[in-house]
Amino acid sequence: MASYNVTVRVSDDNLEAYIMLKEEADGAFPPMSPEIIQGALRKARVTWGIDNSSMSILAANPVPNVEFLIACGTAPTDGTDGGVEFYVKRSDEYKPEYGGDSAERVDYKNVDVFQLVTKGKQLCTVTKPGAGLDGMNVYGGVVPARNGAAAASPKGVNTEWNEDETVLLASADGVVSFNGAQISIMEVLRIQGDVNMSTGNIHFGGDVIINGSVNEGFTVECGGNLTVKGKIGAADINAAGNLLVSEGINGGHQRLINVGGFLRCRYIESGNIKVNGDVFSDYIIDTNLECRGNINLSGAKSLLIGGRTAVLGVLSANYIGNERGVRTRIELMELPPDEEKLAALNERKTNTKEIINGNTDNLTKVRKLMSVSDKPELHNLYRQLSEQIIAAKDELRIIDGEIKDLKNGGSERFPGAVLCRRIMYSGVDVFAGSLMMMRDQSNIEHCKIHLENGEWSHGLA
């Protein structure tokens with residue numbers, strides 16, 4: 001009768017167990033009891049993942065000297081790593097899009113050289129890392145799994161997460177900037193050289209700093225302050241904030257420079273400019289300028305020659321015009337009415353009219369009662385209503401007068417002034433609306449010109 005020596009081998013990772021039957025004596029290979037195999041497994045401490053079906057088959061049909069897989073553990077499942085899917089391109093991947101009306105014609109001025117985004121723009125989505133699933137070896141021991149690794153955070157300056165931190169958003173308008181895998185939105189756009197064909201036109205929602213000049217024919221629009229360290233040629237400029245130009249403005253009259261704040265530059269020649277704040281410069285020549293603040297010309301020249309200058313505040317310069325009598329037009333701008341005060345006056349006017357109409361109706365009713373009754377209280381009420389109507393009509397006349405004064409600018413309809421510290425030459429004309437200051441052909445020195453009670457006043461500067 002043959003007998004068997006049962007041996008068990010476990011793999012190096014403890015996830016598989018093998019069994020081999022070795023015959024002890026020659027003879028036939030009769031079936032064996034499964035308990036013999038089970039005993040060998042217990043002795044080897046193999047308790048997990050035993051294949052009972054295979055064990056029964058092997059016991060019924062023993063095959064000596066061959067290893068059979070008898071138990072399998074469960075391998076651990078590592079967690080997935082987190083990832084980032086970008087919706088904007090890295091600096092080395094971004095390619096400008098060129099405008100144009102055909103494949104042959106390309107508009108290089110309108111090239112989008114900078115990757116601009118607006119507040120709320122989705123910059124990327126982030127996949128959170130997955131947790132690992134532990135395994136089990138054939139000894140019944142836990143085989144720990146590796147949790148997924150989190151992706152490097154892409155959050156940089158002027159960015160914010162959504163509620164579950166899976167979507168990164170721009171928290172400001174600006175330019176996309178990468179530092180490794182980190183995205184930032186830069187609110188200041190810096191142009192290292194000139195605005196020219198290499199940059200195209202500039203349209204930016206924040207501050208812009210141009211280290212060079214703005215060349216002729218280009219456009220710069222910004223939602224903040226604009227700093228130009230060179231000069232501005234015949235270009236279209238629209239700055240919501242202040243405009244600072246280290247050199248000067250050599251504009252074309254057909255181009256417009258629009259400034260929401262103040263303008264500071266060394267000089268202005270042949271410009272077409274509108275400024276909501278003050279203007280600070282050395283000199284202005286042959287320029288169409290509208291300024292809702294003050295114009296302060298000071299420096300080596302401190303002069304204004306030619307063109308049209310409209311000012312709501314004070315225009316001050318050493319020289320206005322020149323000896324050759326170049327026509328120079330200065331306009332004192334009209335102060336717009338105070339819309340808030342005007343609305344309040346119109347509301348008072350409406351309320352006063354309602355009082356008059358209501359008391360008039362009541363007066364008619366009292367008069368009818370007095371025709372059938374001679375009670376003293378009716379006479380007193382009639383008198384009171386009559387007095388209230390008279391007072392309300394007086395109030396209405398006062399309100400109408402205030403509205404008229406407000407619409408006409410009152411005594412300060414043209415609040416500006418021209419302050420010439422040295423010489424105003426004969427070719428200079430000063431207007432307030434259609435009212436022109438009358439003067440002879442002589443020069444005026446050290447003068448302050450303004451309207452006082454509707455009349456021109458020539459004081460000393």
# chains A, B, ... in the order shown; residues from 1 in each chain; ligands from 1
>>> residues_around(residues="region 382-384 of chain A", least_positions_apart="4", cutoff="8 Å", atoms="only C-alpha atoms", output="ChimeraX atom specification")
/A:363,366-367,378,388
>>> residues_around(residues="region 279-285 of chain A", least_positions_apart="6", cutoff="6 Å", atoms="only C-alpha atoms", output="list of chain:residue names")
A:Phe262, A:Leu263, A:Arg264, A:Cys265, A:Arg266, A:Tyr267, A:Ile268, A:Glu269, A:Ile295, A:Asn296, A:Leu297, A:Ser298, A:Gly299, A:Ser302, A:Leu303, A:Leu304, A:Ile305, A:Gly306
>>> residues_around(residues="region 79-85 of chain A", least_positions_apart="2", cutoff="6 Å", atoms="only C-alpha atoms", output="ChimeraX atom specification")
/A:124-132,147-151
>>> residues_around(residues="Val428 (chain A)", least_positions_apart="6", cutoff="7 Å", atoms="only C-alpha atoms", output="list in words")
Gly321, Arg327, Thr328 and Arg329 of chain A
>>> closest_residue(among="A:Ala152, A:Met20, A:Ala170, A:Leu69", to="Val88 (chain A)", atoms="only C-alpha atoms")
A:Ala170
>>> closest_atom_pairs(of="region 232-338 of chain A", to="region 446-451 of chain A", cutoff="12 Å", atoms="only C-alpha atoms", output="CSV")
residue,atom,partner,partner_atom,distance
A:Val311,CA,A:His450,CA,11.8
A:Leu312,CA,A:His450,CA,11.4
A:Gly313,CA,A:His450,CA,10.6
A:Val314,CA,A:His450,CA,9.3
A:Leu315,CA,A:Lys448,CA,9.7
A:Ser316,CA,A:Lys448,CA,9.0
A:Ala317,CA,A:His446,CA,10.2
A:Asn318,CA,A:His446,CA,8.6
A:Tyr319,CA,A:His446,CA,9.7
A:Ile320,CA,A:Cys447,CA,11.0
A:Ile330,CA,A:Ile449,CA,11.0
A:Glu331,CA,A:His450,CA,10.7
A:Leu332,CA,A:His450,CA,8.4
A:Met333,CA,A:His450,CA,11.4
A:Glu334,CA,A:Leu451,CA,11.4
>>> write_last_selection(atoms="N, CA and C atoms", output="short mmCIF file (atom, residue, chain, number, x, y, z; two decimals), in the first residue's frame")
data_model
loop_
_atom_site.label_atom_id
_atom_site.label_comp_id
_atom_site.auth_asym_id
_atom_site.auth_seq_id
_atom_site.Cartn_x
_atom_site.Cartn_y
_atom_site.Cartn_z
N VAL A 311 -11.48 122.98 -20.47
CA VAL A 311 -11.13 122.64 -19.09
C VAL A 311 -12.29 122.99 -18.17
N LEU A 312 -12.57 122.07 -17.22
CA LEU A 312 -13.60 122.33 -16.23
C LEU A 312 -13.02 123.01 -15.00
N GLY A 313 -11.74 122.74 -14.72
CA GLY A 313 -11.07 123.35 -13.58
C GLY A 313 -10.23 124.55 -14.00
N VAL A 314 -9.00 124.58 -13.51
CA VAL A 314 -8.09 125.71 -13.76
C VAL A 314 -6.98 125.27 -14.72
N LEU A 315 -6.78 126.06 -15.75
CA LEU A 315 -5.65 125.89 -16.67
C LEU A 315 -4.58 126.87 -16.26
N SER A 316 -3.41 126.36 -15.90
CA SER A 316 -2.32 127.25 -15.48
C SER A 316 -1.08 126.97 -16.31
N ALA A 317 -0.43 128.05 -16.78
CA ALA A 317 0.77 127.95 -17.61
C ALA A 317 1.52 129.26 -17.54
N ASN A 318 2.80 129.22 -17.92
CA ASN A 318 3.56 130.48 -18.01
C ASN A 318 3.21 131.24 -19.28
N TYR A 319 3.12 130.51 -20.39
CA TYR A 319 2.85 131.14 -21.68
C TYR A 319 1.68 130.44 -22.36
N ILE A 320 0.78 131.24 -22.94
CA ILE A 320 -0.33 130.70 -23.71
C ILE A 320 -0.32 131.41 -25.07
N ILE A 330 -9.30 128.35 -26.04
CA ILE A 330 -9.51 127.81 -24.69
C ILE A 330 -10.99 127.91 -24.36
N GLU A 331 -11.57 126.82 -23.90
CA GLU A 331 -12.98 126.79 -23.54
C GLU A 331 -13.11 126.41 -22.06
N LEU A 332 -13.86 127.25 -21.32
CA LEU A 332 -14.23 126.88 -19.95
C LEU A 332 -15.47 126.00 -20.06
N MET A 333 -15.36 124.77 -19.59
CA MET A 333 -16.45 123.81 -19.75
C MET A 333 -17.59 124.10 -18.79
N GLU A 334 -18.78 123.76 -19.22
CA GLU A 334 -19.97 123.99 -18.42
C GLU A 334 -20.14 122.87 -17.41
#
>>> closest_residue(among="A:Asp207, A:Asp194, A:Glu387, A:Glu377", to="Lys229 (chain A)", atoms="only C-alpha atoms")
A:Asp194
>>> atom_distance(atom1="CA of Ala234 (chain A)", atom2="CA of Asp286 (chain A)")
13.9 Å
>>> atom_distance(atom1="CA of Ile37 (chain A)", atom2="CA of Met55 (chain A)")
7.3 Å
>>> residues_around(residues="Asn351 (chain A)", least_positions_apart="3", cutoff="12 Å", atoms="only C-alpha atoms", output="PDB file with C-alpha atoms, in the first residue's frame")
ATOM      1  CA  ALA A 344     -34.882 115.794  -5.181  1.00  0.00           C
ATOM      2  CA  LEU A 345     -36.193 119.177  -6.355  1.00  0.00           C
ATOM      3  CA  ASN A 346     -38.532 117.545  -8.874  1.00  0.00           C
ATOM      4  CA  GLU A 347     -39.860 115.261  -6.148  1.00  0.00           C
ATOM      5  CA  ARG A 348     -40.496 118.288  -3.902  1.00  0.00           C
ATOM      6  CA  GLU A 354     -50.301 117.427  -4.767  1.00  0.00           C
ATOM      7  CA  ILE A 355     -50.741 119.584  -1.649  1.00  0.00           C
ATOM      8  CA  ILE A 356     -52.137 122.452  -3.728  1.00  0.00           C
ATOM      9  CA  ASN A 357     -54.539 120.175  -5.634  1.00  0.00           C
ATOM     10  CA  GLY A 358     -55.704 118.406  -2.476  1.00  0.00           C
ATOM     11  CA  ALA A 392     -47.611 125.982  -1.218  1.00  0.00           C
ATOM     12  CA  LYS A 393     -47.762 128.174  -4.348  1.00  0.00           C
ATOM     13  CA  GLU A 395     -42.941 127.181  -2.281  1.00  0.00           C
ATOM     14  CA  LEU A 396     -43.602 126.007  -5.830  1.00  0.00           C
ATOM     15  CA  ILE A 399     -38.583 125.274  -6.308  1.00  0.00           C
TER      16      ILE A 399
END
>>> residues_around(residues="Gly193 (chain A)", least_positions_apart="4", cutoff="10 Å", atoms="only C-alpha atoms", output="PyMOL selection string")
chain A and resi 198-199+209-214+229-230
>>> write_last_selection(atoms="N, CA and C atoms", output="PDB file, in the first residue's frame")
ATOM      1  N   SER A 198       5.204  92.569 -32.590  1.00  0.00           N
ATOM      2  CA  SER A 198       5.526  91.401 -31.774  1.00  0.00           C
ATOM      3  C   SER A 198       4.536  91.204 -30.633  1.00  0.00           C
ATOM      4  N   THR A 199       3.830  92.252 -30.246  1.00  0.00           N
ATOM      5  CA  THR A 199       2.851  92.146 -29.167  1.00  0.00           C
ATOM      6  C   THR A 199       1.417  92.220 -29.678  1.00  0.00           C
ATOM      7  N   ILE A 209       1.926  97.824 -17.708  1.00  0.00           N
ATOM      8  CA  ILE A 209       3.201  98.545 -17.670  1.00  0.00           C
ATOM      9  C   ILE A 209       3.963  98.211 -18.949  1.00  0.00           C
ATOM     10  N   ILE A 210       4.270  99.239 -19.730  1.00  0.00           N
ATOM     11  CA  ILE A 210       4.983  99.058 -20.998  1.00  0.00           C
ATOM     12  C   ILE A 210       6.373  99.661 -20.829  1.00  0.00           C
ATOM     13  N   ASN A 211       7.380  98.806 -20.900  1.00  0.00           N
ATOM     14  CA  ASN A 211       8.744  99.296 -20.687  1.00  0.00           C
ATOM     15  C   ASN A 211       9.275 100.097 -21.874  1.00  0.00           C
ATOM     16  N   GLY A 212       8.621  99.977 -23.003  1.00  0.00           N
ATOM     17  CA  GLY A 212       9.026 100.735 -24.182  1.00  0.00           C
ATOM     18  C   GLY A 212       7.988 101.773 -24.548  1.00  0.00           C
ATOM     19  N   SER A 213       7.702 101.884 -25.846  1.00  0.00           N
ATOM     20  CA  SER A 213       6.759 102.866 -26.366  1.00  0.00           C
ATOM     21  C   SER A 213       5.562 102.175 -26.996  1.00  0.00           C
ATOM     22  N   VAL A 214       4.522 102.953 -27.255  1.00  0.00           N
ATOM     23  CA  VAL A 214       3.373 102.469 -28.018  1.00  0.00           C
ATOM     24  C   VAL A 214       3.514 103.024 -29.425  1.00  0.00           C
ATOM     25  N   LYS A 229       6.822 103.708 -20.335  1.00  0.00           N
ATOM     26  CA  LYS A 229       8.132 104.253 -19.981  1.00  0.00           C
ATOM     27  C   LYS A 229       8.842 104.901 -21.158  1.00  0.00           C
ATOM     28  N   GLY A 230       8.257 104.766 -22.348  1.00  0.00           N
ATOM     29  CA  GLY A 230       8.761 105.472 -23.512  1.00  0.00           C
ATOM     30  C   GLY A 230       7.820 106.594 -23.883  1.00  0.00           C
TER      31      GLY A 230
END
>>> residues_around(residues="region 216-226 of chain A", least_positions_apart="2", cutoff="10 Å", atoms="only C-alpha atoms", output="PyMOL selection string")
chain A and resi 109-110+173+187-189+195-197+199-210+213-214+228-229+232-245+250-252+255-263
>>> select_by_dssp(residues="region 174-292 of chain A", states="strand (DSSP E or B)", output="NGL selection string")
:A and (174-179 or 182-186 or 188-191 or 195 or 202-204 or 207-210 or 214 or 219-222 or 226-228 or 232 or 236-239 or 243-245 or 248-250 or 257-259 or 263-264 or 267-269 or 272-275 or 279-281 or 283-285 or 288-291)
>>> write_last_selection(atoms="C-alpha atoms", output="compact mmCIF listing (two decimals), in the first residue's frame")
# COMPACT_ATOMS: atom_id res chain seq x y z
CA GLY A 174 -5.42 88.83 -15.68
CA VAL A 175 -2.69 86.97 -17.54
CA VAL A 176 -2.12 83.24 -17.06
CA SER A 177 1.29 82.51 -15.59
CA PHE A 178 2.75 79.07 -14.73
CA ASN A 179 5.39 78.28 -12.12
CA GLN A 182 1.13 76.06 -10.34
CA ILE A 183 -1.18 78.56 -12.07
CA SER A 184 -1.28 82.24 -11.13
CA ILE A 185 -3.29 85.09 -12.62
CA MET A 186 -1.22 88.24 -12.83
CA VAL A 188 -0.46 93.54 -13.94
CA LEU A 189 0.49 92.98 -17.57
CA ARG A 190 4.13 93.84 -18.24
CA ILE A 191 5.32 94.45 -21.79
CA VAL A 195 3.83 97.70 -28.36
CA ILE A 202 -3.22 95.16 -25.96
CA HIS A 203 -6.61 94.56 -24.29
CA PHE A 204 -6.27 93.90 -20.55
CA ASP A 207 -2.89 97.55 -14.89
CA VAL A 208 -0.46 97.59 -17.83
CA ILE A 209 3.20 98.54 -17.67
CA ILE A 210 4.98 99.06 -21.00
CA VAL A 214 3.37 102.47 -28.02
CA THR A 219 -4.28 100.10 -29.59
CA VAL A 220 -3.87 99.75 -25.84
CA GLU A 221 -6.92 99.26 -23.61
CA CYS A 222 -6.66 98.56 -19.89
CA LEU A 226 -1.35 102.46 -17.78
CA THR A 227 2.36 103.23 -17.46
CA VAL A 228 4.42 103.84 -20.61
CA ILE A 232 3.01 107.23 -27.26
CA ASP A 236 -5.56 104.62 -29.65
CA ILE A 237 -5.36 104.53 -25.86
CA ASN A 238 -8.16 103.78 -23.42
CA ALA A 239 -7.11 103.67 -19.75
CA LEU A 243 -2.00 107.32 -17.61
CA LEU A 244 1.69 107.96 -16.88
CA VAL A 245 4.05 108.52 -19.80
CA GLY A 248 5.53 112.34 -24.19
CA ILE A 249 2.62 111.95 -26.57
CA ASN A 250 3.07 112.49 -30.31
CA ILE A 257 -6.50 108.90 -25.99
CA ASN A 258 -9.15 108.45 -23.28
CA VAL A 259 -8.08 108.58 -19.62
CA LEU A 263 -2.64 112.14 -17.12
CA ARG A 264 1.01 112.83 -16.40
CA TYR A 267 4.76 116.87 -23.36
CA ILE A 268 1.78 116.54 -25.71
CA GLU A 269 1.97 117.31 -29.43
CA ASN A 272 -6.67 114.13 -29.40
CA ILE A 273 -7.20 113.52 -25.71
CA LYS A 274 -10.00 113.29 -23.15
CA VAL A 275 -9.06 113.21 -19.47
CA VAL A 279 -3.37 116.86 -16.54
CA PHE A 280 0.28 117.41 -15.56
CA SER A 281 2.76 118.25 -18.30
CA TYR A 283 3.88 121.86 -22.64
CA ILE A 284 0.99 121.20 -25.02
CA ILE A 285 1.16 122.02 -28.74
CA ASN A 288 -7.46 118.87 -28.97
CA LEU A 289 -7.74 118.35 -25.21
CA GLU A 290 -10.80 118.01 -22.98
CA CYS A 291 -10.04 117.91 -19.27
>>> atom_distance(atom1="CA of Met424 (chain A)", atom2="CA of Ser270 (chain A)")
20.6 Å
>>> select_by_dssp(residues="region 262-452 of chain A", states="alpha helix (DSSP H)", output="PyMOL selection string")
chain A and resi 339-370+376-407
